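Dropping start-v9.cif in here (mmCIF, C-alpha atoms and all ligand atoms):
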data_coords
#
loop_
_atom_site.label_atom_id
_atom_site.label_comp_id
_atom_site.auth_asym_id
_atom_site.auth_seq_id
_atom_site.Cartn_x
_atom_site.Cartn_y
_atom_site.Cartn_z
CA MET A 1 19.11 -11.19 -6.11
CA GLU A 2 16.05 -12.38 -8.08
CA LYS A 3 12.82 -12.27 -6.17
CA THR A 4 10.96 -15.54 -5.57
CA ASP A 5 7.79 -17.08 -4.26
CA VAL A 6 4.39 -15.43 -4.50
CA THR A 7 3.23 -14.80 -8.07
CA THR A 8 -0.12 -13.95 -9.61
CA ALA A 9 -0.55 -17.70 -10.26
CA THR A 10 0.05 -18.42 -6.56
CA LEU A 11 -2.94 -16.27 -5.61
CA ARG A 12 -5.17 -18.20 -7.99
CA GLU A 13 -3.91 -21.51 -6.60
CA MET A 14 -4.60 -20.27 -3.09
CA LYS A 15 -8.24 -19.66 -4.00
CA ALA A 16 -8.46 -23.11 -5.55
CA GLN A 17 -6.98 -24.65 -2.37
CA GLY A 18 -9.25 -22.58 -0.09
CA GLU A 19 -6.27 -20.77 1.45
CA ARG A 20 -7.02 -17.16 2.39
CA ILE A 21 -4.87 -14.42 0.86
CA VAL A 22 -3.42 -11.66 3.02
CA MET A 23 -2.47 -8.34 1.46
CA LEU A 24 -1.40 -4.99 2.92
CA ALA A 25 -1.13 -1.54 1.40
CA ALA A 26 2.34 -0.25 2.26
CA TYR A 27 4.71 2.33 0.88
CA ASP A 28 8.33 1.99 1.98
CA TYR A 29 11.39 -0.26 2.23
CA PRO A 30 11.59 -1.09 5.96
CA THR A 31 7.86 -1.79 6.15
CA ALA A 32 8.04 -4.04 3.07
CA ARG A 33 10.88 -6.00 4.68
CA THR A 34 8.88 -6.55 7.84
CA ILE A 35 5.75 -7.51 5.92
CA ASP A 36 7.82 -10.01 3.97
CA GLU A 37 9.28 -11.54 7.12
CA VAL A 38 5.79 -12.11 8.52
CA GLY A 39 4.79 -14.02 5.38
CA ILE A 40 2.08 -11.67 4.09
CA ASP A 41 1.30 -12.74 0.52
CA ALA A 42 1.05 -9.44 -1.35
CA ILE A 43 1.92 -5.78 -0.94
CA LEU A 44 -0.13 -3.18 -2.72
CA VAL A 45 1.62 0.14 -3.14
CA GLY A 46 -1.76 1.81 -2.93
CA ASP A 47 -2.65 5.23 -4.25
CA SER A 48 -3.72 5.75 -0.62
CA LEU A 49 -0.06 6.85 -0.46
CA SER A 50 -1.62 10.18 -1.39
CA ASN A 51 -3.59 10.74 1.81
CA VAL A 52 -1.99 8.27 4.22
CA VAL A 53 1.68 9.21 3.71
CA LEU A 54 1.90 12.37 1.60
CA GLY A 55 -0.86 14.28 3.40
CA TYR A 56 -3.00 15.11 0.36
CA PRO A 57 -6.74 15.34 0.98
CA ASN A 58 -7.66 12.22 -1.06
CA THR A 59 -6.22 9.75 -3.55
CA LEU A 60 -6.74 11.99 -6.59
CA THR A 61 -3.61 14.08 -6.12
CA VAL A 62 -0.79 11.53 -6.08
CA THR A 63 1.28 11.42 -9.29
CA MET A 64 2.88 8.63 -11.29
CA GLU A 65 6.33 9.84 -10.21
CA GLU A 66 5.37 9.69 -6.52
CA MET A 67 3.84 6.25 -6.95
CA LEU A 68 6.95 4.97 -8.72
CA HIS A 69 9.25 6.43 -6.09
CA HIS A 70 7.47 4.42 -3.37
CA THR A 71 6.96 1.30 -5.49
CA LYS A 72 10.73 1.11 -6.02
CA ALA A 73 11.29 1.27 -2.26
CA VAL A 74 8.74 -1.47 -1.57
CA ALA A 75 10.11 -3.68 -4.34
CA ARG A 76 13.61 -3.38 -2.84
CA GLY A 77 12.27 -4.57 0.52
CA ALA A 78 9.97 -7.40 -0.58
CA ARG A 79 11.73 -10.62 -1.49
CA ARG A 80 8.77 -12.97 -1.24
CA ALA A 81 5.51 -11.03 -1.38
CA LEU A 82 3.89 -10.13 -4.69
CA VAL A 83 4.30 -6.38 -5.28
CA ILE A 84 1.42 -4.59 -6.98
CA GLY A 85 1.56 -0.95 -8.10
CA ASP A 86 -1.69 1.00 -7.92
CA MET A 87 -2.37 3.10 -11.01
CA PRO A 88 -3.10 6.65 -9.85
CA PHE A 89 -5.88 8.93 -11.03
CA LEU A 90 -5.47 10.01 -14.68
CA SER A 91 -2.61 7.60 -15.33
CA TYR A 92 -4.98 5.36 -17.34
CA GLN A 93 -8.41 7.00 -17.78
CA ALA A 94 -7.58 9.35 -20.68
CA SER A 95 -6.28 6.85 -23.26
CA VAL A 96 -5.27 3.27 -23.89
CA GLU A 97 -1.75 4.48 -24.66
CA ASP A 98 -1.44 6.25 -21.30
CA ALA A 99 -2.73 3.13 -19.61
CA VAL A 100 -0.22 0.75 -21.21
CA ARG A 101 2.74 3.09 -20.85
CA ASN A 102 2.07 3.91 -17.21
CA ALA A 103 1.28 0.31 -16.27
CA GLY A 104 4.54 -0.70 -17.95
CA ARG A 105 6.46 1.87 -15.91
CA PHE A 106 5.36 0.15 -12.70
CA LEU A 107 7.05 -3.06 -13.89
CA LYS A 108 9.98 -1.59 -15.79
CA GLU A 109 10.98 1.21 -13.40
CA GLY A 110 9.11 0.43 -10.19
CA GLY A 111 9.98 -3.26 -9.86
CA ALA A 112 6.31 -4.22 -9.35
CA GLU A 113 4.99 -7.49 -10.74
CA ALA A 114 1.44 -6.37 -11.41
CA VAL A 115 -0.75 -3.28 -11.38
CA LYS A 116 -4.14 -2.51 -9.87
CA VAL A 117 -6.71 -0.53 -11.81
CA GLU A 118 -9.91 0.95 -10.33
CA GLY A 119 -13.16 0.63 -12.24
CA GLY A 120 -15.29 -1.76 -14.25
CA ARG A 121 -16.66 -1.59 -17.79
CA SER A 122 -15.90 2.12 -18.16
CA VAL A 123 -12.16 1.32 -18.17
CA LEU A 124 -12.34 -2.17 -19.67
CA ASP A 125 -10.63 -1.15 -22.92
CA LYS A 126 -7.67 0.18 -20.89
CA ILE A 127 -7.47 -2.98 -18.78
CA GLU A 128 -7.60 -5.20 -21.88
CA ALA A 129 -4.78 -3.24 -23.49
CA ILE A 130 -2.62 -3.49 -20.36
CA LEU A 131 -3.23 -7.24 -20.25
CA ARG A 132 -2.35 -7.56 -23.95
CA ALA A 133 0.98 -5.92 -23.14
CA GLY A 134 1.69 -8.81 -20.76
CA ILE A 135 1.11 -6.88 -17.57
CA PRO A 136 -1.00 -8.65 -14.91
CA VAL A 137 -3.92 -6.59 -13.64
CA MET A 138 -5.72 -6.68 -10.31
CA GLY A 139 -9.20 -5.17 -10.66
CA HIS A 140 -10.97 -3.01 -8.07
CA VAL A 141 -14.75 -2.49 -7.89
CA GLY A 142 -17.28 -1.25 -5.34
CA LEU A 143 -16.27 1.96 -3.62
CA THR A 144 -13.43 3.00 -5.91
CA PRO A 145 -11.97 6.13 -4.25
CA GLN A 146 -10.85 7.72 -7.54
CA TRP A 147 -14.57 8.00 -8.37
CA VAL A 148 -15.41 9.72 -5.07
CA HIS A 149 -16.79 12.89 -6.63
CA GLN A 150 -18.95 10.97 -9.06
CA PHE A 151 -20.30 8.84 -6.21
CA GLY A 152 -20.90 11.95 -4.08
CA GLY A 153 -18.77 10.81 -1.16
CA PHE A 154 -17.32 7.75 0.53
CA ARG A 155 -20.34 5.49 0.99
CA VAL A 156 -20.91 1.77 0.87
CA ARG A 157 -21.77 0.81 -2.73
CA GLY A 158 -24.17 -1.87 -3.86
CA LYS A 159 -26.82 -1.76 -1.17
CA THR A 160 -29.52 -1.50 -3.82
CA VAL A 161 -30.17 -4.14 -6.43
CA SER A 162 -29.48 -1.76 -9.34
CA ILE A 163 -25.94 -0.86 -8.17
CA ALA A 164 -25.29 -4.41 -6.95
CA ARG A 165 -26.07 -5.67 -10.48
CA VAL A 166 -23.60 -3.20 -11.98
CA ILE A 167 -20.84 -4.29 -9.59
CA LEU A 168 -21.53 -8.00 -10.19
CA GLU A 169 -21.52 -7.55 -13.96
CA ASP A 170 -18.31 -5.47 -13.76
CA ALA A 171 -16.68 -8.27 -11.77
CA ARG A 172 -17.70 -10.83 -14.40
CA ARG A 173 -16.48 -8.72 -17.30
CA LEU A 174 -13.16 -8.02 -15.62
CA GLU A 175 -12.68 -11.73 -15.01
CA GLN A 176 -13.46 -12.49 -18.66
CA ALA A 177 -10.91 -9.86 -19.70
CA GLY A 178 -8.24 -11.81 -17.79
CA ILE A 179 -7.48 -9.99 -14.53
CA PHE A 180 -5.78 -12.24 -11.95
CA SER A 181 -7.56 -10.96 -8.85
CA LEU A 182 -10.21 -8.46 -7.79
CA VAL A 183 -10.40 -6.02 -4.88
CA LEU A 184 -13.92 -5.53 -3.50
CA GLU A 185 -14.12 -2.32 -1.50
CA CYS A 186 -16.96 -1.26 0.82
CA ILE A 187 -19.79 -3.38 -0.50
CA PRO A 188 -22.31 -5.42 1.54
CA TRP A 189 -20.90 -8.76 2.64
CA GLN A 190 -23.73 -10.64 0.90
CA LEU A 191 -22.77 -9.10 -2.45
CA ALA A 192 -19.07 -9.80 -1.84
CA LYS A 193 -19.93 -13.43 -1.03
CA LEU A 194 -21.97 -13.76 -4.22
CA ILE A 195 -19.18 -12.30 -6.37
CA THR A 196 -16.60 -14.51 -4.67
CA GLU A 197 -18.70 -17.57 -5.47
CA LYS A 198 -19.37 -16.52 -9.07
CA VAL A 199 -15.80 -15.75 -10.14
CA GLU A 200 -12.84 -18.11 -10.30
CA ILE A 201 -10.27 -15.43 -9.65
CA PRO A 202 -9.54 -14.56 -6.00
CA THR A 203 -11.44 -11.65 -4.47
CA ILE A 204 -9.67 -9.50 -1.89
CA GLY A 205 -11.97 -7.56 0.39
CA ILE A 206 -11.66 -4.30 2.25
CA GLY A 207 -14.90 -3.45 4.01
CA ALA A 208 -16.51 -6.33 2.13
CA GLY A 209 -17.01 -8.86 4.91
CA PRO A 210 -15.52 -12.23 5.77
CA TYR A 211 -16.45 -14.28 2.70
CA CYS A 212 -13.86 -12.93 0.27
CA ASP A 213 -10.88 -15.07 -0.73
CA GLY A 214 -8.52 -12.62 0.97
CA GLN A 215 -8.35 -9.38 2.90
CA VAL A 216 -6.41 -6.15 2.53
CA LEU A 217 -5.92 -3.25 4.94
CA VAL A 218 -3.77 -0.14 4.89
CA ILE A 219 -0.87 -0.87 7.23
CA HIS A 220 -1.10 2.52 8.97
CA ASP A 221 -4.75 1.83 9.85
CA LEU A 222 -3.97 -1.64 11.20
CA LEU A 223 -1.08 -0.33 13.31
CA GLY A 224 -3.11 2.57 14.72
CA LEU A 225 -1.13 5.33 13.03
CA THR A 226 -3.99 7.17 11.36
CA GLY A 227 -5.56 9.14 14.21
CA PRO A 228 -8.73 8.55 16.17
CA ARG A 229 -11.23 8.25 13.29
CA VAL A 230 -11.07 5.23 11.01
CA PRO A 231 -13.72 3.56 8.84
CA LYS A 232 -15.89 0.82 10.38
CA PHE A 233 -14.07 -1.91 8.42
CA VAL A 234 -10.69 -1.16 10.01
CA LYS A 235 -9.47 -3.28 12.90
CA ARG A 236 -6.58 -1.79 14.81
CA TYR A 237 -4.24 -4.53 15.93
CA THR A 238 -2.19 -2.08 17.99
CA LYS A 239 -2.07 1.63 18.77
CA LEU A 240 1.36 2.71 17.57
CA ASP A 241 0.26 6.36 17.71
CA ASP A 242 0.34 6.13 21.52
CA VAL A 243 3.69 4.36 21.54
CA VAL A 244 5.22 6.95 19.20
CA VAL A 245 3.81 9.93 21.11
CA LYS A 246 5.21 8.51 24.36
CA ALA A 247 8.65 7.85 22.85
CA LEU A 248 8.88 11.30 21.23
CA GLY A 249 7.78 12.96 24.45
CA ASN A 250 10.51 11.14 26.36
CA PHE A 251 13.12 12.14 23.78
CA ARG A 252 12.06 15.77 24.00
CA ARG A 253 12.12 15.79 27.80
CA GLU A 254 15.53 14.15 28.00
CA VAL A 255 17.16 16.52 25.49
CA LYS A 256 15.69 19.56 27.24
CA ALA A 257 16.91 18.24 30.61
CA GLY A 258 20.39 17.40 29.30
CA LYS A 259 19.84 13.71 29.97
CA PHE A 260 20.34 12.57 26.39
CA PRO A 261 22.86 11.83 25.07
CA THR A 262 25.00 10.48 27.87
CA LEU A 263 28.58 9.32 27.27
CA LYS A 264 27.11 5.87 26.64
CA HIS A 265 25.74 7.19 23.35
CA SER A 266 28.92 9.17 22.49
CA TYR A 267 32.22 8.36 20.75
CA ASP A 268 35.48 8.38 22.66
CA MET A 269 38.78 9.94 21.49
CA PRO A 270 42.01 8.21 22.68
CA ARG A 271 43.53 10.19 25.57
CA GLU A 272 46.88 10.66 23.75
CA GLU A 273 45.22 12.14 20.62
CA MET A 274 43.18 14.48 22.73
CA ARG A 275 46.33 15.63 24.60
CA LYS A 276 48.02 16.49 21.26
CA LEU A 277 44.96 18.38 20.08
CA LEU A 278 44.77 20.44 23.24
CA GLY A 279 48.52 21.17 23.00
CA GLU A 280 48.11 22.50 19.43
CA PHE A 281 45.13 24.53 20.46
CA ARG A 282 47.05 26.17 23.34
CA ARG A 283 50.07 26.93 21.11
CA ARG A 284 47.83 28.69 18.56
CA ARG A 285 46.29 30.94 21.22
O1 LIG B 1 -4.91 2.49 -2.28
C1 LIG B 1 -5.24 1.59 -1.52
O2 LIG B 1 -4.71 1.48 -0.41
C2 LIG B 1 -6.26 0.65 -1.98
C3 LIG B 1 -6.83 -0.39 -1.10
C4 LIG B 1 -7.48 -1.51 -1.76
C5 LIG B 1 -6.50 -0.56 0.25
O3 LIG B 1 -6.62 0.73 -3.10
#

Any chance you could put this one into structure tokens?
Ligand code: KIV
Amino acid sequence: MEKTDVTTATLREMKAQGERIVMLAAYDYPTARTIDEVGIDAILVGDSLSNVVLGYPNTLTVTMEEMLHHTKAVARGARRALVIGDMPFLSYQASVEDAVRNAGRFLKEGGAEAVKVEGGRSVLDKIEAILRAGIPVMGHVGLTPQWVHQFGGFRVRGKTVSIARVILEDARRLEQAGIFSLVLECIPWQLAKLITEKVEIPTIGIGAGPYCDGQVLVIHDLLGLTGPRVPKFVKRYTKLDDVVVKALGNFRREVKAGKFPTLKHSYDMPREEMRKLLGEFRRRR
């Protein structure tokens, strides 16, 4: 079945109409189905797959193959939401050719409809080439986690006028290049507001305050599945960790105590068949 509804053009129209955009980073089929049912506009198969789901220390480790594996699953689950594949570290930085080929794989093999690329002017030539190949690009500026070692850690970016200028100019240049939307991560809300007012494309904030055109969170953070410590910008809408721990504890207790499964959770063999089987068994002994 062909997928319908939210496209890159829809997000731009939503900004024009003043309708806020809701995006989640998610990584698998059942979650994508649920997100779709709720009417969330876009699903980013984030490179946060690396640390959130695969247990690597940061986002630098995840590979193209791992990203594609999960993008395929999300694309199978999402019928309405726009699916965006996040280009992992070193899938685009080394050359324009790498960038186009890997971005294309997200659409051709992964079933995504767009890609996200971290960085501003330093990767502009790669972004332009991807766009020339007909692949929509979502930009990402501010605290771009693939640059963590260059930044010297995960800190809010753009608190000083010199860095704020760089981020603002990057946003402008990316818009001119033709990206359809821009993620603003961990920047002061005043800077995010200014960028949102200056660009016509929709901005999607994470740790960038309330004045962006949309918001994105990692679904595991929002559901309370990422342990006790989360960044300041995360709001936990529930604490699934507690629910899961309780359920698993109950399962363990019941199996140990011989209380699960009962016959209610077991399959029945017709009495006559069982009688024949026992007869054969006795004869053989
Ligand atoms: O990888 C990711 O999850 C992201 C975010 C914008 C949430 O890049």

Skip Thr203 in chain A itself and residues of its chain fewer than 3 positions away, then list as a list in words all residues within 10 Å of it, counting all atoms listed in the file.
Leu11, Arg12, Lys15, Arg20, Ile21, Met138, Gly139, His140, Ala171, Phe180, Ser181, Leu182, Val183, Leu184, Ala192, Lys193, Ile195, Thr196, Glu197, Val199, Glu200, Ile206, Ala208, Tyr211, Cys212, Asp213, Gly214 and Gln215 of chain A

Using all atoms listed in the file, which residues have at least one atom no more than 6 Å from ligand LIG 1 (chain B)? Output them as number ranges by chain.
A: 25, 46-48, 217-218

By how many Å are CA of Leu54 in chain A and CA of Gly207 in chain A apart?
23.2 Å

Could you check which of A:Lys126, A:Ile84, A:Thr71, A:Gly55 is closest to Val96 in chain A, using all atoms listed in the file?
A:Lys126

Please list, as a PDB file with C-alpha atoms, in the frame of the given file, the residues that have an atom at most 9 Å away from (0.3, 4.2, -4.8) in the coordinates of this file, counting all atoms listed in the file.
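Output file selection.pdb is given in full below:
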ATOM      1  CA  ALA A  25      -1.130  -1.540   1.400  1.00  0.00           C
ATOM      2  CA  ALA A  26       2.340  -0.250   2.260  1.00  0.00           C
ATOM      3  CA  TYR A  27       4.710   2.330   0.880  1.00  0.00           C
ATOM      4  CA  LEU A  44      -0.130  -3.180  -2.720  1.00  0.00           C
ATOM      5  CA  VAL A  45       1.620   0.140  -3.140  1.00  0.00           C
ATOM      6  CA  GLY A  46      -1.760   1.810  -2.930  1.00  0.00           C
ATOM      7  CA  ASP A  47      -2.650   5.230  -4.250  1.00  0.00           C
ATOM      8  CA  SER A  48      -3.720   5.750  -0.620  1.00  0.00           C
ATOM      9  CA  LEU A  49      -0.060   6.850  -0.460  1.00  0.00           C
ATOM     10  CA  SER A  50      -1.620  10.180  -1.390  1.00  0.00           C
ATOM     11  CA  THR A  59      -6.220   9.750  -3.550  1.00  0.00           C
ATOM     12  CA  VAL A  62      -0.790  11.530  -6.080  1.00  0.00           C
ATOM     13  CA  THR A  63       1.280  11.420  -9.290  1.00  0.00           C
ATOM     14  CA  MET A  64       2.880   8.630 -11.290  1.00  0.00           C
ATOM     15  CA  GLU A  66       5.370   9.690  -6.520  1.00  0.00           C
ATOM     16  CA  MET A  67       3.840   6.250  -6.950  1.00  0.00           C
ATOM     17  CA  LEU A  68       6.950   4.970  -8.720  1.00  0.00           C
ATOM     18  CA  HIS A  70       7.470   4.420  -3.370  1.00  0.00           C
ATOM     19  CA  THR A  71       6.960   1.300  -5.490  1.00  0.00           C
ATOM     20  CA  GLY A  85       1.560  -0.950  -8.100  1.00  0.00           C
ATOM     21  CA  ASP A  86      -1.690   1.000  -7.920  1.00  0.00           C
ATOM     22  CA  MET A  87      -2.370   3.100 -11.010  1.00  0.00           C
ATOM     23  CA  PRO A  88      -3.100   6.650  -9.850  1.00  0.00           C
TER      24      PRO A  88
END

For a test of reading the model, state the distance in Å between CA of Tyr237 in chain A and CA of Gly224 in chain A, rounded to one decimal.
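About the pair CA of Tyr237 in chain A and CA of Gly224 in chain A: they are 7.3 Å apart.
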
Smallest atom-to-atom distance to Glu128 in chain A: which of A:Val156, A:Ala177, A:Leu24, A:Ala164, using all atoms listed in the file?
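Residue with the minimum atom-to-atom distance to Glu128 in chain A: A:Ala177.
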
Separation of CA of Ala99 in chain A from CA of Ile130 in chain A, in Å and rounded to one decimal
6.7 Å

Of the listed residues A:Leu82, A:Ala9, A:Leu191, A:Ala94, that which approaches Ile43 in chain A most closely, counting only C-alpha atoms
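Among the listed residues, A:Leu82 lies closest to Ile43 in chain A.
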
Skip range 238-245 of chain A itself and residues of its chain fewer than 5 positions away, then list as a list in words all residues within 9 Å of it, counting only C-alpha atoms.
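Using only C-alpha atoms, the neighbours found are His220, Leu222, Leu223, Gly224, Leu225, Thr226, Gly227 and Asn250 of chain A.
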
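Nearest-residue note for Glu97 in chain A: choosing from A:Glu19, A:Asp125, A:Arg282, A:Glu273, the minimum distance belongs to A:Asp125, counting only C-alpha atoms.
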
Would you please work out which residue, of A:Arg121, A:Ile179, A:Lys72, A:Leu168, is nearest to Leu194 in chain A when using only C-alpha atoms?
A:Leu168
